[in-house]
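Okay, run09.cif is below, mmCIF, C-alpha atoms:
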data_query
#
loop_
_atom_site.label_atom_id
_atom_site.label_comp_id
_atom_site.auth_asym_id
_atom_site.auth_seq_id
_atom_site.Cartn_x
_atom_site.Cartn_y
_atom_site.Cartn_z
CA MET Z 6 0.00 0.00 0.00
CA HIS Z 7 1.40 3.41 -0.98
CA GLN Z 8 2.08 5.64 2.02
CA PRO Z 9 0.54 9.09 1.56
CA SER Z 10 3.07 11.85 1.12
CA ALA Z 11 3.59 14.30 3.95
CA ARG Z 12 5.36 17.64 4.03
CA PHE Z 13 8.11 18.54 6.49
CA LEU Z 14 9.56 21.95 7.37
CA VAL Z 15 13.13 21.63 8.68
CA VAL Z 16 14.28 24.56 10.83
CA SER Z 17 18.07 24.92 10.89
CA ALA Z 18 20.54 27.67 11.86
CA GLY Z 19 23.56 29.04 10.03
CA MET Z 20 25.86 28.67 13.03
CA GLY Z 21 28.92 27.18 11.36
CA ALA Z 22 28.08 24.46 8.83
CA GLY Z 23 27.03 21.45 10.91
CA HIS Z 24 23.34 22.17 11.50
CA ASP Z 25 22.83 23.14 7.86
CA ALA Z 26 24.53 19.89 6.78
CA VAL Z 27 22.08 17.92 8.94
CA ALA Z 28 19.13 19.90 7.58
CA ALA Z 29 20.20 19.39 3.96
CA GLU Z 30 20.66 15.66 4.44
CA LEU Z 31 17.29 15.32 6.18
CA VAL Z 32 15.57 17.12 3.31
CA ARG Z 33 17.36 14.87 0.78
CA ARG Z 34 16.33 11.70 2.63
CA LEU Z 35 12.72 12.80 3.06
CA GLU Z 36 12.44 13.63 -0.63
CA GLU Z 37 14.00 10.28 -1.51
CA LEU Z 38 11.22 8.67 0.57
CA GLY Z 39 8.62 10.49 -1.53
CA GLN Z 40 7.88 13.18 1.06
CA GLY Z 41 7.82 16.93 0.62
CA ALA Z 42 10.46 18.89 2.52
CA GLY Z 43 11.58 22.47 2.85
CA ARG Z 44 14.16 24.36 4.93
CA VAL Z 45 14.34 27.63 6.78
CA ASP Z 46 17.04 29.25 8.93
CA VAL Z 47 15.70 30.21 12.35
CA LEU Z 48 18.09 33.17 12.42
CA GLU Z 49 16.32 34.57 9.36
CA LEU Z 50 13.03 34.42 11.23
CA LEU Z 51 14.34 36.91 13.79
CA PRO Z 52 13.49 40.55 12.97
CA HIS Z 53 15.78 43.57 12.57
CA ARG Z 54 18.84 41.51 11.57
CA ILE Z 55 19.04 40.11 15.10
CA GLY Z 56 19.92 36.72 13.65
CA ALA Z 57 22.91 38.09 11.75
CA GLY Z 58 24.08 39.86 14.91
CA LEU Z 59 23.68 36.70 16.94
CA ARG Z 60 25.73 34.71 14.40
CA SER Z 61 28.45 37.35 14.37
CA PHE Z 62 28.61 37.51 18.17
CA TYR Z 63 28.82 33.73 18.50
CA ARG Z 64 31.49 33.49 15.82
CA THR Z 65 33.60 36.19 17.45
CA THR Z 66 33.34 34.81 20.97
CA ILE Z 67 34.03 31.20 20.01
CA ARG Z 68 37.11 32.21 18.02
CA ARG Z 69 38.50 35.20 19.93
CA ALA Z 70 37.00 35.20 23.43
CA PRO Z 71 36.29 31.58 24.45
CA VAL Z 72 36.15 32.51 28.14
CA VAL Z 73 33.14 34.70 27.37
CA TYR Z 74 31.37 31.84 25.60
CA GLU Z 75 32.15 29.51 28.50
CA GLY Z 76 30.39 31.95 30.85
CA ILE Z 77 27.38 32.15 28.53
CA TYR Z 78 27.21 28.37 28.31
CA ARG Z 79 27.35 27.98 32.09
CA ALA Z 80 24.56 30.48 32.58
CA PHE Z 81 22.20 29.63 29.73
CA PHE Z 82 22.84 25.99 28.80
CA ARG Z 83 23.84 23.99 31.85
CA PRO Z 84 21.19 22.96 34.37
CA GLY Z 85 21.32 24.45 37.85
CA ARG Z 86 19.31 25.34 40.91
CA GLY Z 87 16.96 28.27 41.05
CA PRO Z 88 15.84 30.49 38.16
CA ARG Z 89 18.06 30.12 35.11
CA PRO Z 90 18.19 32.39 32.05
CA GLY Z 91 17.04 30.89 28.78
CA SER Z 92 16.41 31.72 25.16
CA ALA Z 93 12.63 32.15 25.47
CA PRO Z 94 12.66 35.93 24.80
CA LEU Z 95 14.75 35.38 21.67
CA ALA Z 96 12.54 32.54 20.46
CA ALA Z 97 9.44 34.68 21.01
CA LEU Z 98 10.74 37.19 18.46
CA ALA Z 99 10.61 34.53 15.72
CA GLU Z 100 7.12 33.23 16.46
CA ASP Z 101 5.11 35.40 14.08
CA ARG Z 102 7.36 34.69 11.09
CA LEU Z 103 7.38 30.95 11.70
CA LEU Z 104 3.61 30.84 12.05
CA ALA Z 105 3.24 32.84 8.82
CA LEU Z 106 5.59 30.42 7.06
CA VAL Z 107 3.65 27.42 8.37
CA GLU Z 108 0.44 29.01 7.13
CA ARG Z 109 1.93 29.39 3.64
CA GLU Z 110 3.79 26.07 3.40
CA ARG Z 111 1.25 23.88 5.22
CA PRO Z 112 3.74 21.32 6.59
CA ASP Z 113 2.53 18.24 8.42
CA VAL Z 114 5.52 18.34 10.79
CA VAL Z 115 8.03 21.01 11.80
CA VAL Z 116 11.52 19.62 12.44
CA PRO Z 117 13.95 21.82 14.44
CA VAL Z 118 17.62 20.81 14.17
CA PHE Z 119 18.95 23.67 16.33
CA HIS Z 120 18.23 24.35 19.98
CA LEU Z 121 16.78 27.86 19.48
CA ALA Z 122 14.41 26.40 16.90
CA ALA Z 123 13.41 23.72 19.42
CA GLN Z 124 12.56 26.40 21.98
CA LEU Z 125 10.55 28.22 19.32
CA THR Z 126 8.42 25.23 18.29
CA GLY Z 127 8.07 24.02 21.88
CA ARG Z 128 6.64 27.36 23.01
CA LEU Z 129 4.20 27.47 20.11
CA ARG Z 130 3.07 23.87 20.57
CA ALA Z 131 2.63 24.31 24.33
CA ARG Z 132 0.04 27.03 23.89
CA GLY Z 133 -1.58 25.54 20.78
CA ALA Z 134 -0.46 28.21 18.32
CA LEU Z 135 1.42 25.65 16.22
CA GLU Z 136 -1.17 23.06 15.28
CA VAL Z 137 1.11 20.50 13.60
CA PRO Z 138 3.57 18.30 15.55
CA SER Z 139 7.19 19.30 16.13
CA ALA Z 140 9.92 16.65 16.06
CA VAL Z 141 13.31 17.85 17.30
CA VAL Z 142 16.50 16.37 15.84
CA VAL Z 143 19.01 16.76 18.70
CA THR Z 144 22.47 16.96 17.11
CA ASP Z 145 24.58 17.10 20.32
CA PHE Z 146 26.01 14.19 22.29
CA ALA Z 147 25.63 16.23 25.50
CA VAL Z 148 22.00 17.38 25.61
CA HIS Z 149 21.98 20.83 27.24
CA ARG Z 150 18.81 22.38 28.58
CA GLN Z 151 18.19 24.69 25.60
CA TRP Z 152 17.31 21.59 23.56
CA LEU Z 153 14.58 20.76 26.06
CA HIS Z 154 11.02 22.08 25.88
CA PRO Z 155 8.03 19.97 26.96
CA GLY Z 156 5.89 21.37 24.17
CA ASN Z 157 7.72 19.41 21.47
CA ASP Z 158 6.17 16.09 20.46
CA LEU Z 159 9.19 13.90 19.64
CA HIS Z 160 12.98 14.00 19.94
CA LEU Z 161 15.36 12.10 17.64
CA CYS Z 162 18.74 11.77 19.34
CA VAL Z 163 22.28 10.81 18.44
CA THR Z 164 22.64 8.13 21.15
CA PRO Z 165 20.40 6.06 23.45
CA GLU Z 166 21.95 7.94 26.37
CA ALA Z 167 20.88 11.28 24.89
CA ALA Z 168 17.36 9.95 24.29
CA ASP Z 169 17.20 8.79 27.91
CA THR Z 170 18.30 12.26 29.06
CA VAL Z 171 15.42 13.82 27.13
CA ARG Z 172 12.85 11.34 28.44
CA ARG Z 173 13.91 11.84 32.04
CA ALA Z 174 13.97 15.63 31.73
CA LEU Z 175 10.69 16.09 29.87
CA GLY Z 176 8.69 12.89 30.11
CA ARG Z 177 8.24 13.15 26.35
CA PRO Z 178 8.96 10.61 23.58
CA ALA Z 179 12.59 10.35 22.51
CA VAL Z 180 14.34 7.76 20.35
CA ALA Z 181 17.93 7.16 19.29
CA THR Z 182 18.33 7.24 15.51
CA GLY Z 183 22.04 7.98 15.37
CA PRO Z 184 23.62 10.96 13.60
CA VAL Z 185 22.40 12.34 10.28
CA VAL Z 186 25.36 12.01 7.89
CA ALA Z 187 25.29 11.94 4.08
CA PRO Z 188 25.63 8.47 2.46
CA ARG Z 189 28.80 9.44 0.58
CA PHE Z 190 30.71 9.09 3.87
CA PHE Z 191 29.74 5.43 4.17
CA ALA Z 192 30.67 4.42 0.61
CA PRO Z 193 34.16 4.01 -0.89
CA ALA Z 194 35.35 7.53 -1.67
CA PRO Z 195 36.41 8.06 -5.31
CA GLY Z 196 38.74 10.89 -4.29
CA ALA Z 197 40.62 8.94 -1.60
CA ALA Z 198 43.39 7.69 -3.90
CA ARG Z 199 44.04 11.20 -5.21
CA TRP Z 200 44.24 12.55 -1.66
CA ARG Z 201 46.61 9.77 -0.58
CA ARG Z 202 48.96 10.55 -3.46
CA HIS Z 203 48.83 14.26 -2.74
CA LEU Z 204 49.45 13.95 1.00
CA SER Z 205 52.19 11.37 0.49
CA ALA Z 206 53.95 13.72 -1.94
CA LEU Z 207 53.77 16.54 0.62
CA ALA Z 208 55.33 14.49 3.42
CA PRO Z 209 56.60 11.04 2.37
CA GLY Z 210 56.46 8.49 5.17
CA ARG Z 211 54.41 10.70 7.51
CA PRO Z 212 50.90 9.40 8.29
CA PRO Z 213 48.39 12.20 7.65
CA VAL Z 214 46.22 13.32 10.58
CA LEU Z 215 43.31 15.72 10.11
CA LEU Z 216 42.91 18.60 12.59
CA SER Z 217 39.25 19.61 12.58
CA VAL Z 218 38.45 23.22 13.52
CA GLY Z 219 35.05 23.70 11.86
CA ALA Z 220 33.86 26.02 9.12
CA TRP Z 221 34.95 29.09 11.07
CA GLY Z 222 38.43 27.87 11.99
CA ALA Z 223 37.46 27.94 15.66
CA GLY Z 224 40.00 26.24 17.85
CA THR Z 225 42.31 26.61 20.80
CA ARG Z 226 46.00 26.95 19.86
CA VAL Z 227 45.54 25.25 16.50
CA VAL Z 228 49.03 26.12 15.29
CA ASP Z 229 50.54 24.71 18.48
CA THR Z 230 48.62 21.48 17.99
CA ALA Z 231 49.81 21.27 14.39
CA ARG Z 232 53.40 21.79 15.56
CA LEU Z 233 53.00 19.03 18.16
CA VAL Z 234 51.52 16.58 15.64
CA SER Z 235 54.29 17.34 13.16
CA GLY Z 236 56.98 16.93 15.82
CA ALA Z 237 55.58 13.47 16.61
CA GLY Z 238 56.22 12.34 13.02
CA TYR Z 239 52.81 12.95 11.44
CA LEU Z 240 51.58 15.25 8.70
CA PRO Z 241 49.02 17.63 10.24
CA VAL Z 242 46.26 18.35 7.73
CA VAL Z 243 44.37 21.45 8.86
CA LEU Z 244 41.13 22.67 7.33
CA PHE Z 245 41.05 26.35 8.19
CA GLY Z 246 37.55 26.83 6.80
CA ARG Z 247 36.99 30.50 6.02
CA ASP Z 248 39.46 31.79 8.61
CA GLU Z 249 42.03 33.75 6.61
CA ARG Z 250 43.94 34.66 9.75
CA LEU Z 251 44.48 31.00 10.56
CA ARG Z 252 45.42 30.33 6.94
CA ALA Z 253 48.12 33.01 7.15
CA GLU Z 254 49.52 31.50 10.35
CA LEU Z 255 49.58 27.99 8.92
CA SER Z 256 51.12 29.07 5.62
CA ARG Z 257 54.34 29.91 7.47
CA ARG Z 258 54.77 26.26 8.45
CA PRO Z 259 56.07 24.01 5.63
CA ASP Z 260 55.40 20.92 7.77
CA VAL Z 261 51.63 21.55 7.74
CA ALA Z 262 49.15 20.84 4.93
CA ALA Z 263 46.51 23.58 5.14
CA PHE Z 264 43.32 23.72 3.08
CA GLY Z 265 40.29 26.00 3.06
CA TRP Z 266 36.70 24.97 2.44
CA GLU Z 267 36.99 21.42 1.09
CA ARG Z 268 34.15 19.82 -0.87
CA ASP Z 269 35.64 16.34 -1.11
CA MET Z 270 35.51 15.57 2.60
CA PRO Z 271 34.77 11.85 2.03
CA GLY Z 272 37.97 11.48 0.01
CA LEU Z 273 40.08 13.45 2.48
CA LEU Z 274 38.74 11.58 5.50
CA ALA Z 275 39.34 8.23 3.81
CA ALA Z 276 42.96 9.27 3.20
CA VAL Z 277 43.89 10.24 6.77
CA ARG Z 278 44.70 7.89 9.64
CA ALA Z 279 42.95 9.78 12.43
CA VAL Z 280 41.00 12.96 13.17
CA VAL Z 281 41.95 15.30 16.01
CA ASP Z 282 38.64 16.95 16.87
CA ASN Z 283 37.73 19.91 19.08
CA ALA Z 284 33.94 20.01 19.13
CA ALA Z 285 32.25 16.58 18.65
CA GLY Z 286 30.54 18.19 15.67
CA GLN Z 287 29.66 17.13 12.15
CA THR Z 288 33.24 16.45 11.02
CA ALA Z 289 33.72 14.02 13.92
CA LEU Z 290 30.50 12.24 12.94
CA GLU Z 291 31.57 12.08 9.30
CA ALA Z 292 34.87 10.55 10.44
CA LEU Z 293 33.00 7.87 12.42
CA ALA Z 294 30.90 7.10 9.34
CA THR Z 295 34.04 6.85 7.19
CA GLY Z 296 35.75 4.55 9.69
CA VAL Z 297 38.44 6.92 10.96
CA PRO Z 298 39.32 7.06 14.69
CA VAL Z 299 38.58 10.36 16.44
CA ILE Z 300 40.66 11.91 19.23
CA GLY Z 301 39.28 14.89 21.12
CA TYR Z 302 41.92 17.46 22.05
CA ARG Z 303 41.78 21.07 23.26
CA PRO Z 304 38.01 21.28 22.70
CA ILE Z 305 36.29 24.61 22.31
CA PRO Z 306 34.38 25.65 25.46
CA GLY Z 307 30.82 24.84 26.33
CA HIS Z 308 29.07 22.37 24.05
CA GLY Z 309 32.39 21.40 22.40
CA ARG Z 310 34.07 20.37 25.62
CA GLU Z 311 31.03 18.50 26.92
CA GLY Z 312 30.49 16.75 23.59
CA VAL Z 313 34.11 15.61 23.35
CA ARG Z 314 33.96 14.19 26.88
CA ARG Z 315 30.64 12.43 26.23
CA MET Z 316 31.86 10.85 23.00
CA ALA Z 317 34.90 9.46 24.80
CA ALA Z 318 32.84 8.24 27.77
CA LEU Z 319 30.67 6.26 25.34
CA GLY Z 320 33.72 4.61 23.77
CA LEU Z 321 33.17 6.28 20.41
CA SER Z 322 36.40 8.26 20.53
CA ASP Z 323 39.34 9.03 22.81
CA HIS Z 324 40.02 12.24 24.73
CA ALA Z 325 43.61 13.44 25.02
CA ARG Z 326 43.94 15.63 28.10
CA ASP Z 327 47.48 16.75 27.40
CA SER Z 328 50.08 16.74 24.63
CA TRP Z 329 51.74 13.54 25.82
CA GLU Z 330 48.42 11.69 25.73
CA LEU Z 331 47.64 13.02 22.25
CA VAL Z 332 50.90 11.62 20.87
CA ARG Z 333 50.35 8.30 22.67
CA LEU Z 334 46.83 8.01 21.21
CA LEU Z 335 48.00 8.89 17.72
CA ASP Z 336 50.70 6.24 17.91
CA ALA Z 337 48.14 3.66 19.05
CA LEU Z 338 45.27 4.53 16.71
CA THR Z 339 47.01 5.26 13.41
CA GLU Z 340 48.48 1.75 13.19
CA PRO Z 341 46.48 -1.49 12.73
CA SER Z 342 45.41 -2.68 16.17
CA ALA Z 343 42.48 -4.15 18.09
CA TRP Z 344 42.03 -0.76 19.76
CA ARG Z 345 41.67 0.99 16.41
CA GLU Z 346 39.20 -1.61 15.17
CA ARG Z 347 37.10 -1.31 18.35
CA ARG Z 348 36.80 2.45 17.91
CA ILE Z 349 35.89 2.11 14.23
CA ALA Z 350 33.28 -0.55 14.98
CA ALA Z 351 31.75 1.47 17.83
CA GLY Z 352 31.50 4.53 15.60
CA ARG Z 353 29.76 2.68 12.81
CA ARG Z 354 27.29 1.04 15.23
CA LEU Z 355 26.14 4.53 16.16
CA PHE Z 356 24.32 4.82 12.82
CA ALA Z 357 21.60 2.43 13.89
CA ASP Z 358 18.51 4.03 12.41
CA ASP Z 359 17.33 6.66 9.95
CA ALA Z 360 15.82 9.88 11.31
CA ALA Z 361 13.90 10.48 8.07
CA VAL Z 362 12.30 7.03 8.21
CA ARG Z 363 11.33 7.66 11.83
CA LEU Z 364 9.78 11.00 10.90
CA THR Z 365 7.70 9.54 8.09
CA GLY Z 366 6.67 6.65 10.33
CA ALA Z 367 5.51 9.04 13.03
CA VAL Z 368 3.37 10.92 10.51
CA ALA Z 369 1.87 7.67 9.24
CA ARG Z 370 0.98 6.56 12.77
CA THR Z 371 -0.60 9.93 13.53
CA ALA Z 372 -2.65 9.78 10.34
CA ALA Z 373 -3.78 6.21 11.12
CA SER Z 374 -4.83 7.07 14.66
CA GLY Z 375 -6.67 10.17 13.46
#

The structure given in the file should be rewritten as C-alpha cells.
Amino acid sequence: MHQPSARFLVVSAGMGAGHDAVAAELVRRLEELGQGAGRVDVLELLPHRIGAGLRSFYRTTIRRAPVVYEGIYRAFFRPGRGPRPGSAPLAALAEDRLLALVERERPDVVVPVFHLAAQLTGRLRARGALEVPSAVVVTDFAVHRQWLHPGNDLHLCVTPEAADTVRRALGRPAVATGPVVAPRFFAPAPGAARWRRHLSALAPGRPPVLLSVGAWGAGTRVVDTARLVSGAGYLPVVLFGRDERLRAELSRRPDVAAFGWERDMPGLLAAVRAVVDNAAGQTALEALATGVPVIGYRPIPGHGREGVRRMAALGLSDHARDSWELVRLLDALTEPSAWRERRIAAGRRLFADDAAVRLTGAVARTAASG
C-alpha cells in the first residue's frame, strides 16, 4: 500500500556548517522517501537583523573570546538550581514569522535541528499556536537544557543515552536514531586515492592526521597542535575553513598541509589515519561514518568540551587531556590494532537508524490514529 506523502519543514541555523549539513541531508532523505520537505534558517526568522548579529557575536566569541562563551554556556545551557536564564525571549521574536511560514507552506511536521528552533516550536506547541507536531533532531552528544522544551512532540537523538536524558527531563517521547550524515561518507570515496597521493607527496612516510576546527576555523592553539603533531612524526592536515587569519599562520609552516573549504571531505577523511577533533561536531560524525578514529583534544568551550567528553565516555572516541596523551593516542590509533578496530566498529554502530524514516513513520501513525 502506498504511504501518503507528507510535508516537512526543517528549521536549521547558520551557526557554522554542521546544522545546515544535517538539515540538507534530512531534506534529501525525506524527498527520496517520496515526502515533501523544505528548509528555513531560524536566524532569518528573527526581525531587525538580530539573527545576523547573533551569528556574528557567537562566531567572534568562540574564536577570539572563548572565556566569554564559557560563561554564557554555564549560565544559559547547563542545568542548575533556582531560576536560570534561557532563550525564550529570543525565540518569542521569531514566532510570528514561523507561524506565517507554516500558514503558507502547510507542513505536516516542523523539524527543528537547532536548539533555538526547538525552543521556538516548543513554546508554540505548548500554547496551541502551532497546530502541527514538532519533532526535534538533537544533534549534540551532550544534551543541554536549551534543547529541552516539553511542548515538542518527539525527539530524535544521536545516542540512546541522549534519548534517555530527554525522556527523564521532559517525560516526552525520545528515540535514538544515530547521527544524520550523508551516504557518501559510508561508501568508498572516489577521491581517496588522489588525496593519498597528494598527501604522500607533501610528506613522504608521515601518516596524515586531520585537525578539525570547523567552518569558522574555531580552535584553541591550533598552530601549536599542528606543531605538536608534526613533531611526533605525522603530517598535520588542517582545514582552516573560512578563517584567513588561521590560513596566514599555517602558511608559514612548511610541515603543515593547510586547506580551506573542502568539498571532497569523504575522500580526504578516507585518506587520513585519524582525526583530532575539538567540538564533537559534524566532522567528527563524518569521520565515524568513514571509519576513521577520532581523538578529542583542546576542545572549544561549552558544548564542544562536553560533547568531546561524552563521545569518549561512550567509547566512540578518545580524549587526550594533554600533549603527551595526544601523541600516545595517535601512535596507538594510526596503526592497525584491536584498539583501532574497536573504535571504528563502535562509531559505525552509532548509525543504527534513519531519522527520516522515523519521521515519516511518526506521521503515518498519527494519520492512522486520526

### Between atom CA of Ala253 of chain Z and atom CA of Leu207 of chain Z - distance in Å to one decimal
18.6 Å

### Query
Of the residues Z:Trp152, Z:Tyr302, Z:Trp200, Z:Phe191, which is the one nearest to Ala231 of chain Z, using only C-alpha atoms?
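Nearest to Ala231 of chain Z: Z:Tyr302.
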
### Task
Run the PyMOL selection byres ((chain Z and resi 101) around 12) against the file shown and list the residues it catches, as an NGL selection string.
:Z and (47 or 50-52 or 96-100 or 102-108 or 125-126 or 129 or 134-135)

Using only C-alpha atoms, find each residue of segment 235-256 of chain Z with at least one atom at most 10 Å away from an atom of segment 279-291 of chain Z; report its shortest atom-to-atom pair and that distance in Å (one decimal), sort the rows by chain and rising residue number, and return the result as CSV.
residue,atom,partner,partner_atom,distance
Z:Pro241,CA,Z:Val281,CA,9.4
Z:Val242,CA,Z:Val280,CA,9.3
Z:Val243,CA,Z:Val281,CA,9.7

### Message
For this structure, which residues satisfy the selection - the PyMOL selection byres ((chain Z and resi 307-318) around 6) - when it is evaluated on the file as given? I want them as number ranges by chain.
### Response
Z: 75, 78, 146-147, 284-285, 301, 304-306, 319-324

### Message
Assuming the chain letters and numbering stay as they are in my file, what does the PyMOL selection byres ((chain Z and resi 254) around 12) actually select? List them as an MDAnalysis selection string.
### Response
chainID Z and resid 222 226:229 231:232 243 245 248:253 255:259 261:263

Please produce an output containing C-alpha atoms for each residue in the selection, written as a CSV table (one decimal), in the frame of the given file.
chain,number,residue,atom,x,y,z
Z,222,GLY,CA,38.4,27.9,12.0
Z,226,ARG,CA,46.0,27.0,19.9
Z,227,VAL,CA,45.5,25.2,16.5
Z,228,VAL,CA,49.0,26.1,15.3
Z,229,ASP,CA,50.5,24.7,18.5
Z,231,ALA,CA,49.8,21.3,14.4
Z,232,ARG,CA,53.4,21.8,15.6
Z,243,VAL,CA,44.4,21.4,8.9
Z,245,PHE,CA,41.0,26.4,8.2
Z,248,ASP,CA,39.5,31.8,8.6
Z,249,GLU,CA,42.0,33.8,6.6
Z,250,ARG,CA,43.9,34.7,9.8
Z,251,LEU,CA,44.5,31.0,10.6
Z,252,ARG,CA,45.4,30.3,6.9
Z,253,ALA,CA,48.1,33.0,7.2
Z,255,LEU,CA,49.6,28.0,8.9
Z,256,SER,CA,51.1,29.1,5.6
Z,257,ARG,CA,54.3,29.9,7.5
Z,258,ARG,CA,54.8,26.3,8.4
Z,259,PRO,CA,56.1,24.0,5.6
Z,261,VAL,CA,51.6,21.6,7.7
Z,262,ALA,CA,49.2,20.8,4.9
Z,263,ALA,CA,46.5,23.6,5.1

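From atom CA of Ala42 of chain Z back to atom CA of Ala361 of chain Z, the distance works out to 10.6 Å.
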
### Residue nearest Thr182 of chain Z among Z:Arg64, Z:His160, Z:Arg268, Z:Arg333 (counting all atoms listed in the file)
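For Thr182 of chain Z, the nearest of the given residues is Z:His160.
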
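Between atom CA of Met270 of chain Z and atom CA of Leu355 of chain Z there is a distance of 19.8 Å.
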
### Query
Restricting the calculation to only C-alpha atoms, which member of Z:Arg130, Z:Gln151, Z:Arg79, Z:Arg54 is positioned closest to Gly91 of chain Z?
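That would be Z:Gln151, the residue with the smallest distance to Gly91 of chain Z.
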
### Task
Around the point (10.5, 19.6, 21.5) in the file's coordinates, collect all residues with an atom within 12 Å, using all atoms listed in the file, and return them as a PyMOL selection string.
chain Z and resi 114-131+138-143+150-162+171-172+174-179

Just write the chosen residues, C-alpha atoms, as a PDB file, keeping the file's coordinate frame.
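So the final result, stored in part.pdb, reads:
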ATOM      1  CA  VAL Z 114       5.520  18.340  10.790  1.00  0.00           C
ATOM      2  CA  VAL Z 115       8.030  21.010  11.800  1.00  0.00           C
ATOM      3  CA  VAL Z 116      11.520  19.620  12.440  1.00  0.00           C
ATOM      4  CA  PRO Z 117      13.950  21.820  14.440  1.00  0.00           C
ATOM      5  CA  VAL Z 118      17.620  20.810  14.170  1.00  0.00           C
ATOM      6  CA  PHE Z 119      18.950  23.670  16.330  1.00  0.00           C
ATOM      7  CA  HIS Z 120      18.230  24.350  19.980  1.00  0.00           C
ATOM      8  CA  LEU Z 121      16.780  27.860  19.480  1.00  0.00           C
ATOM      9  CA  ALA Z 122      14.410  26.400  16.900  1.00  0.00           C
ATOM     10  CA  ALA Z 123      13.410  23.720  19.420  1.00  0.00           C
ATOM     11  CA  GLN Z 124      12.560  26.400  21.980  1.00  0.00           C
ATOM     12  CA  LEU Z 125      10.550  28.220  19.320  1.00  0.00           C
ATOM     13  CA  THR Z 126       8.420  25.230  18.290  1.00  0.00           C
ATOM     14  CA  GLY Z 127       8.070  24.020  21.880  1.00  0.00           C
ATOM     15  CA  ARG Z 128       6.640  27.360  23.010  1.00  0.00           C
ATOM     16  CA  LEU Z 129       4.200  27.470  20.110  1.00  0.00           C
ATOM     17  CA  ARG Z 130       3.070  23.870  20.570  1.00  0.00           C
ATOM     18  CA  ALA Z 131       2.630  24.310  24.330  1.00  0.00           C
ATOM     19  CA  PRO Z 138       3.570  18.300  15.550  1.00  0.00           C
ATOM     20  CA  SER Z 139       7.190  19.300  16.130  1.00  0.00           C
ATOM     21  CA  ALA Z 140       9.920  16.650  16.060  1.00  0.00           C
ATOM     22  CA  VAL Z 141      13.310  17.850  17.300  1.00  0.00           C
ATOM     23  CA  VAL Z 142      16.500  16.370  15.840  1.00  0.00           C
ATOM     24  CA  VAL Z 143      19.010  16.760  18.700  1.00  0.00           C
ATOM     25  CA  ARG Z 150      18.810  22.380  28.580  1.00  0.00           C
ATOM     26  CA  GLN Z 151      18.190  24.690  25.600  1.00  0.00           C
ATOM     27  CA  TRP Z 152      17.310  21.590  23.560  1.00  0.00           C
ATOM     28  CA  LEU Z 153      14.580  20.760  26.060  1.00  0.00           C
ATOM     29  CA  HIS Z 154      11.020  22.080  25.880  1.00  0.00           C
ATOM     30  CA  PRO Z 155       8.030  19.970  26.960  1.00  0.00           C
ATOM     31  CA  GLY Z 156       5.890  21.370  24.170  1.00  0.00           C
ATOM     32  CA  ASN Z 157       7.720  19.410  21.470  1.00  0.00           C
ATOM     33  CA  ASP Z 158       6.170  16.090  20.460  1.00  0.00           C
ATOM     34  CA  LEU Z 159       9.190  13.900  19.640  1.00  0.00           C
ATOM     35  CA  HIS Z 160      12.980  14.000  19.940  1.00  0.00           C
ATOM     36  CA  LEU Z 161      15.360  12.100  17.640  1.00  0.00           C
ATOM     37  CA  CYS Z 162      18.740  11.770  19.340  1.00  0.00           C
ATOM     38  CA  VAL Z 171      15.420  13.820  27.130  1.00  0.00           C
ATOM     39  CA  ARG Z 172      12.850  11.340  28.440  1.00  0.00           C
ATOM     40  CA  ALA Z 174      13.970  15.630  31.730  1.00  0.00           C
ATOM     41  CA  LEU Z 175      10.690  16.090  29.870  1.00  0.00           C
ATOM     42  CA  GLY Z 176       8.690  12.890  30.110  1.00  0.00           C
ATOM     43  CA  ARG Z 177       8.240  13.150  26.350  1.00  0.00           C
ATOM     44  CA  PRO Z 178       8.960  10.610  23.580  1.00  0.00           C
ATOM     45  CA  ALA Z 179      12.590  10.350  22.510  1.00  0.00           C
TER      46      ALA Z 179
END

### Query
Counting only C-alpha atoms, which of Z:Val332, Z:Ala57, Z:Ala294, Z:Val277 gets nearest to Phe190 of chain Z?
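With only C-alpha atoms as the atom set, the closest residue is Z:Ala294.
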
#### Entry: Thr365 of chain Z environment, 8 Å, only C-alpha atoms, sequence neighbours closer than 4 positions dropped, as a VMD selection string
chain Z and resid 11 35 40 361 369

Return as AutoDock Vina command-line options the centre and edge lengths, in Å with one decimal, of the box along x, y and z that encloses every atom of segment 37-47 of chain Z in the file, padded by 6 Å per side.
--center_x 12.4 --center_y 19.4 --center_z 5.4 --size_x 21.2 --size_y 33.5 --size_z 25.9

### Query
With only C-alpha atoms as the basis for distance, which of Z:Trp266, Z:Val137, Z:Pro193, Z:Arg303 is at the shortest distance from Pro71 of chain Z?
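Of Z:Trp266, Z:Val137, Z:Pro193, Z:Arg303, the one nearest Pro71 of chain Z, counting only C-alpha atoms, is Z:Arg303.
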
### Query
Of the candidates Z:Gly246, Z:Trp329, Z:Val299, Z:Glu166, which one gets nearest to Arg345 of chain Z if we count only C-alpha atoms?
Z:Val299
